[in-house]
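Enquirer: You'll find coords.pdb just under this line, and it carries PDB, C-alpha atoms.
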```pdb
MODEL        1
ATOM      1  CA  MET A   1       5.190 -15.231  26.749
ATOM      2  CA  THR A   2       6.102 -12.566  24.207
ATOM      3  CA  ARG A   3       3.268 -10.597  22.664
ATOM      4  CA  VAL A   4       3.233 -10.709  18.873
ATOM      5  CA  GLY A   5       3.143  -7.125  17.660
ATOM      6  CA  ASP A   6       0.721  -5.424  15.325
ATOM      7  CA  LEU A   7       1.478  -4.707  11.687
ATOM      8  CA  LEU A   8       0.699  -1.063  10.956
ATOM      9  CA  LEU A   9       0.251   0.100   7.382
ATOM     10  CA  ALA A  10       0.195   3.677   6.119
ATOM     11  CA  ARG A  11      -0.752   4.633   2.611
ATOM     12  CA  HIS A  12       1.176   7.639   1.353
ATOM     13  CA  GLY A  13      -0.518  11.025   1.108
ATOM     14  CA  GLU A  14      -2.248  12.368  -1.971
ATOM     15  CA  THR A  15      -0.404  12.938  -5.266
ATOM     16  CA  GLU A  16      -1.720  14.601  -8.417
ATOM     17  CA  TRP A  17      -2.356  11.194  -9.956
ATOM     18  CA  SER A  18      -4.011   9.625  -6.908
ATOM     19  CA  ARG A  19      -6.339  12.630  -6.783
ATOM     20  CA  SER A  20      -7.360  12.091 -10.429
ATOM     21  CA  GLY A  21      -7.546   8.283 -10.184
ATOM     22  CA  ARG A  22      -4.606   7.567 -12.494
ATOM     23  CA  HIS A  23      -2.738   4.325 -11.910
ATOM     24  CA  THR A  24       0.554   5.364 -10.337
ATOM     25  CA  GLY A  25       2.986   2.491 -10.129
ATOM     26  CA  ARG A  26       6.620   3.279 -10.791
ATOM     27  CA  THR A  27       6.136   6.936 -11.737
ATOM     28  CA  ASP A  28       7.827   8.754  -8.874
ATOM     29  CA  LEU A  29       5.470  11.633  -8.077
ATOM     30  CA  PRO A  30       5.744  13.979  -5.086
ATOM     31  CA  LEU A  31       2.967  14.594  -2.597
ATOM     32  CA  THR A  32       0.577  17.467  -3.187
ATOM     33  CA  ARG A  33       0.250  20.054  -0.403
ATOM     34  CA  ARG A  34      -2.853  18.173   0.764
ATOM     35  CA  GLY A  35      -0.812  14.951   0.665
ATOM     36  CA  GLU A  36       1.814  16.527   2.903
ATOM     37  CA  GLU A  37      -0.918  17.612   5.327
ATOM     38  CA  GLN A  38      -2.331  14.081   5.329
ATOM     39  CA  ALA A  39       1.124  12.673   6.100
ATOM     40  CA  GLU A  40       1.678  15.181   8.916
ATOM     41  CA  SER A  41      -1.719  14.270  10.379
ATOM     42  CA  LEU A  42      -0.492  10.704  10.928
ATOM     43  CA  ALA A  43       2.113  11.874  13.461
ATOM     44  CA  PRO A  44      -0.330  12.210  16.413
ATOM     45  CA  LEU A  45      -1.697   8.722  15.672
ATOM     46  CA  LEU A  46       1.835   7.326  15.896
ATOM     47  CA  ALA A  47       3.014   9.421  18.857
ATOM     48  CA  GLY A  48       4.211   7.301  21.738
ATOM     49  CA  ARG A  49       4.418   4.141  19.663
ATOM     50  CA  SER A  50       7.686   2.337  19.188
ATOM     51  CA  PHE A  51       8.464   0.025  16.306
ATOM     52  CA  THR A  52      10.886  -2.845  16.013
ATOM     53  CA  LEU A  53      11.076  -2.166  12.275
ATOM     54  CA  VAL A  54       9.917   0.581   9.889
ATOM     55  CA  LEU A  55       9.984  -0.161   6.168
ATOM     56  CA  THR A  56       8.964   2.126   3.337
ATOM     57  CA  SER A  57       8.611   1.919  -0.400
ATOM     58  CA  PRO A  58      11.630   3.480  -2.126
ATOM     59  CA  LEU A  59       9.345   5.893  -4.019
ATOM     60  CA  VAL A  60       9.407   9.521  -2.894
ATOM     61  CA  ARG A  61       5.702   9.753  -2.042
ATOM     62  CA  ALA A  62       6.045   6.970   0.539
ATOM     63  CA  ARG A  63       9.416   8.069   1.921
ATOM     64  CA  ARG A  64       8.143  11.647   2.347
ATOM     65  CA  THR A  65       5.000  10.397   4.059
ATOM     66  CA  ALA A  66       7.116   8.441   6.543
ATOM     67  CA  GLU A  67       9.273  11.498   7.195
ATOM     68  CA  LEU A  68       6.321  13.855   7.718
ATOM     69  CA  ALA A  69       4.607  11.298   9.972
ATOM     70  CA  GLY A  70       7.661  11.388  12.231
ATOM     71  CA  LEU A  71       8.925   7.895  11.474
ATOM     72  CA  SER A  72      12.682   7.962  11.816
ATOM     73  CA  GLY A  73      14.970   5.196  10.650
ATOM     74  CA  ALA A  74      12.665   3.959   7.894
ATOM     75  CA  VAL A  75      14.421   1.472   5.625
ATOM     76  CA  PRO A  76      13.464   1.455   1.910
ATOM     77  CA  ASP A  77      12.325  -1.951   0.656
ATOM     78  CA  ALA A  78      11.949  -2.498  -3.103
ATOM     79  CA  ASP A  79       9.216  -5.098  -2.521
ATOM     80  CA  LEU A  80       6.994  -2.327  -1.093
ATOM     81  CA  ARG A  81       6.864  -0.392  -4.391
ATOM     82  CA  GLU A  82       3.430  -0.111  -5.979
ATOM     83  CA  TRP A  83       1.974  -2.540  -8.513
ATOM     84  CA  ASP A  84       3.700  -2.225 -11.904
ATOM     85  CA  TYR A  85       0.752  -1.168 -14.061
ATOM     86  CA  GLY A  86       2.623  -1.716 -17.341
ATOM     87  CA  GLY A  87       0.673  -0.243 -20.239
ATOM     88  CA  TYR A  88      -1.899   1.226 -17.852
ATOM     89  CA  GLU A  89       0.575   3.436 -15.971
ATOM     90  CA  GLY A  90      -0.940   6.923 -15.739
ATOM     91  CA  VAL A  91      -4.322   5.737 -17.075
ATOM     92  CA  THR A  92      -7.605   5.713 -15.142
ATOM     93  CA  THR A  93      -9.839   2.661 -14.794
ATOM     94  CA  ALA A  94     -12.588   4.529 -16.693
ATOM     95  CA  ASP A  95     -10.203   5.106 -19.613
ATOM     96  CA  VAL A  96      -9.177   1.435 -19.680
ATOM     97  CA  ARG A  97     -12.817   0.326 -19.681
ATOM     98  CA  ARG A  98     -13.544   2.400 -22.778
ATOM     99  CA  THR A  99     -11.500  -0.123 -24.753
ATOM    100  CA  ARG A 100     -11.815  -3.110 -22.382
ATOM    101  CA  PRO A 101     -15.334  -3.100 -20.918
ATOM    102  CA  GLY A 102     -15.474  -4.974 -17.634
ATOM    103  CA  TRP A 103     -11.700  -4.832 -17.070
ATOM    104  CA  ASP A 104     -10.721  -5.547 -13.470
ATOM    105  CA  LEU A 105      -7.177  -5.054 -12.213
ATOM    106  CA  TRP A 106      -7.638  -7.768  -9.589
ATOM    107  CA  THR A 107      -8.526 -10.526 -12.037
ATOM    108  CA  ASP A 108      -7.268  -9.316 -15.433
ATOM    109  CA  GLY A 109      -3.917  -7.764 -14.537
ATOM    110  CA  VAL A 110      -2.267  -5.353 -16.973
ATOM    111  CA  PRO A 111      -0.593  -5.502 -20.391
ATOM    112  CA  PRO A 112       3.090  -4.639 -20.708
ATOM    113  CA  GLY A 113       3.981  -1.066 -21.565
ATOM    114  CA  PRO A 114       6.891   0.318 -23.571
ATOM    115  CA  ASP A 115       9.130   0.667 -20.487
ATOM    116  CA  LEU A 116       7.194  -1.243 -17.828
ATOM    117  CA  PRO A 117       6.591  -4.997 -18.016
ATOM    118  CA  GLY A 118       3.508  -4.914 -15.793
ATOM    119  CA  GLU A 119       2.618  -7.361 -13.029
ATOM    120  CA  SER A 120      -0.118  -9.889 -12.410
ATOM    121  CA  PRO A 121      -1.936 -10.032  -9.073
ATOM    122  CA  GLU A 122       0.079 -13.164  -8.286
ATOM    123  CA  GLN A 123       3.395 -11.390  -8.889
ATOM    124  CA  VAL A 124       2.377  -8.574  -6.543
ATOM    125  CA  GLY A 125       1.314 -11.266  -4.063
ATOM    126  CA  GLU A 126       4.781 -12.821  -4.234
ATOM    127  CA  ARG A 127       6.347  -9.478  -3.304
ATOM    128  CA  ALA A 128       3.851  -9.041  -0.451
ATOM    129  CA  ASP A 129       4.682 -12.536   0.814
ATOM    130  CA  ARG A 130       8.394 -11.667   0.835
ATOM    131  CA  VAL A 131       7.683  -8.559   2.922
ATOM    132  CA  LEU A 132       5.567 -10.558   5.362
ATOM    133  CA  ALA A 133       8.339 -13.139   5.698
ATOM    134  CA  ARG A 134      10.881 -10.353   6.367
ATOM    135  CA  VAL A 135       8.798  -8.724   9.116
ATOM    136  CA  ALA A 136       7.770 -11.953  10.867
ATOM    137  CA  GLY A 137      10.742 -11.979  13.237
ATOM    138  CA  ALA A 138      10.363  -8.266  14.022
ATOM    139  CA  LEU A 139       6.688  -8.801  14.911
ATOM    140  CA  ASP A 140       7.780 -11.267  17.602
ATOM    141  CA  GLY A 141       9.444  -8.327  19.356
ATOM    142  CA  GLY A 142       6.781  -5.634  18.889
ATOM    143  CA  ASP A 143       4.969  -3.545  16.317
ATOM    144  CA  VAL A 144       6.122  -3.119  12.704
ATOM    145  CA  MET A 145       5.302  -0.144  10.452
ATOM    146  CA  LEU A 146       5.048  -0.245   6.642
ATOM    147  CA  VAL A 147       4.578   2.900   4.529
ATOM    148  CA  ALA A 148       3.656   2.179   0.937
ATOM    149  CA  HIS A 149       0.910   2.281  -1.697
ATOM    150  CA  SER A 150      -2.755   1.410  -2.058
ATOM    151  CA  HIS A 151      -2.791  -1.704  -4.210
ATOM    152  CA  LEU A 152       0.386  -3.194  -2.768
ATOM    153  CA  LEU A 153      -0.871  -2.732   0.813
ATOM    154  CA  ARG A 154      -4.252  -4.164  -0.115
ATOM    155  CA  VAL A 155      -2.586  -7.285  -1.556
ATOM    156  CA  LEU A 156      -0.345  -7.518   1.513
ATOM    157  CA  THR A 157      -3.407  -7.316   3.763
ATOM    158  CA  ALA A 158      -5.109 -10.091   1.807
ATOM    159  CA  ARG A 159      -2.033 -12.284   2.070
ATOM    160  CA  ARG A 160      -1.667 -11.607   5.826
ATOM    161  CA  LEU A 161      -5.282 -12.705   6.272
ATOM    162  CA  GLY A 162      -4.739 -15.885   4.229
ATOM    163  CA  LEU A 163      -6.599 -14.678   1.130
ATOM    164  CA  PRO A 164      -5.355 -14.838  -2.467
ATOM    165  CA  PRO A 165      -3.790 -11.627  -3.864
ATOM    166  CA  SER A 166      -7.056 -10.790  -5.635
ATOM    167  CA  GLY A 167      -8.667 -10.578  -2.182
ATOM    168  CA  GLY A 168      -7.076  -7.136  -1.932
ATOM    169  CA  ARG A 169     -10.093  -5.842  -3.855
ATOM    170  CA  LEU A 170     -12.056  -6.120  -0.590
ATOM    171  CA  PHE A 171     -10.001  -3.436   1.197
ATOM    172  CA  ARG A 172     -10.503   0.078  -0.131
ATOM    173  CA  LEU A 173      -7.577   2.171   1.074
ATOM    174  CA  GLU A 174      -7.598   5.970   1.234
ATOM    175  CA  THR A 175      -4.565   8.240   0.934
ATOM    176  CA  GLY A 176      -2.878   9.350   4.133
ATOM    177  CA  THR A 177      -4.489   6.743   6.377
ATOM    178  CA  LEU A 178      -3.268   4.447   9.119
ATOM    179  CA  ASN A 179      -4.334   0.804   9.231
ATOM    180  CA  ARG A 180      -3.623  -1.940  11.735
ATOM    181  CA  LEU A 181      -3.522  -5.702  11.355
ATOM    182  CA  SER A 182      -3.489  -7.584  14.631
ATOM    183  CA  LEU A 183      -4.200 -11.058  15.983
ATOM    184  CA  GLU A 184      -7.328 -12.426  17.603
ATOM    185  CA  HIS A 185      -7.105 -15.922  19.077
ATOM    186  CA  GLY A 186      -3.885 -16.395  17.128
ATOM    187  CA  ARG A 187      -5.401 -15.466  13.758
ATOM    188  CA  PRO A 188      -4.641 -12.298  11.745
ATOM    189  CA  VAL A 189      -7.491  -9.773  11.698
ATOM    190  CA  VAL A 190      -8.132  -6.199  10.573
ATOM    191  CA  ALA A 191      -8.142  -4.154  13.779
ATOM    192  CA  GLU A 192      -8.336  -0.637  12.249
ATOM    193  CA  TRP A 193      -8.807   0.562   8.678
ATOM    194  CA  ASN A 194      -8.585   3.992   6.983
ATOM    195  CA  THR A 195      -7.958   5.739  10.312
ATOM    196  CA  ARG A 196      -7.428   9.482  10.287
ATOM    197  CA  PRO A 197      -7.251  11.907  13.217
TER
ENDMDL
END
```
What's the structure tokens form of this structure?
Expert:
Amino acid sequence: MTRVGDLLLARHGETEWSRSGRHTGRTDLPLTRRGEEQAESLAPLLAGRSFTLVLTSPLVRARRTAELAGLSGAVPDADLREWDYGGYEGVTTADVRRTRPGWDLWTDGVPPGPDLPGESPEQVGERADRVLARVAGALDGGDVMLVAHSHLLRVLTARRLGLPPSGGRLFRLETGTLNRLSLEHGRPVVAEWNTRP
């Protein structure tokens, strides 16, 4: 009987906007020096592991994290890009709540912006579901690695566990961390979360 592999998730290292809490969807920011150090620190956690598939967001912060973590052969996947924050791109939650008290990304979504249409939690969930469908066959042969972004990976985790996209709010995800979803008695479970060396 073939062992079903684990799904490993890495959030990219720190950027200027992640450090300040600004919503960073499609804005393609580089890693800070600390972000590069975080990415490099993932390498020992991944040493000796082999992957049947490595996918990364096409954005530079995720691709660079994969590179610095020693993941060769990573394939960019557009469905792994971060949530499109629309009119809230580059804005902090505190700033949004000054004009929309009680706003919650997970239930309220975002308004469109001048150049970004924005996405609802359900739309992000549809992208996460497509990624999970794509990696299903690769998991039958071993472990799969995804390098992407906080909110997208949180939604993907919720979907893997059978929760609605808004269930991603339950999984706080730090920059430059390794996370592992596994199976227990045939059911998906969180096996490790926010792991650092």
Enquirer: With range 173-182 of chain A as the partner and 9 Å as the cut-off, tabulate the residues of range 69-167 of chain A that qualify, each row holding the nearest pair of atoms and their distance in Å to one decimal, using all atoms listed in the file, sorted by chain and rising number, as a tab-separated table.
Expert:
```
residue	atom	partner	partner_atom	distance
A:His149	CA	A:Thr175	CA	8.5
A:Ser150	CA	A:Leu173	CA	5.8
A:His151	CA	A:Leu173	CA	8.1
A:Leu153	CA	A:Leu173	CA	8.3
A:Arg154	CA	A:Leu173	CA	7.3
A:Thr157	CA	A:Leu181	CA	7.8
A:Arg160	CA	A:Leu181	CA	8.3
A:Leu161	CA	A:Leu181	CA	8.8
```
Enquirer: Check the smallest atom-to-atom distance from each of A:Asp84, A:Asp6, A:Glu89, A:Asp28 to Gly118 in chain A using all atoms listed in the file, then report the winner.
Expert: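 The answer is A:Asp84, which sits nearest to Gly118 in chain A.
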Enquirer: Give me the box for range 28-46 of chain A as lines of an AutoDock Vina configuration file, namely the centre and edge lengths in Å to one decimal of a box along x, y and z that holds every listed atom plus 3 Å on each side.
Expert:
```
center_x = 2.5
center_y = 13.7
center_z = 3.8
size_x = 16.7
size_y = 18.7
size_z = 31.3
```
Enquirer: Between CA of Arg187 in chain A and CA of Leu139 in chain A, measure the distance and give it in Å to one decimal.
Expert: 13.9 Å
Enquirer: How far is it from CA of Pro101 in chain A to CA of Leu170 in chain A, in Å with one decimal?
Expert: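 Going from CA of Pro101 in chain A over to CA of Leu170 in chain A covers 20.8 Å.
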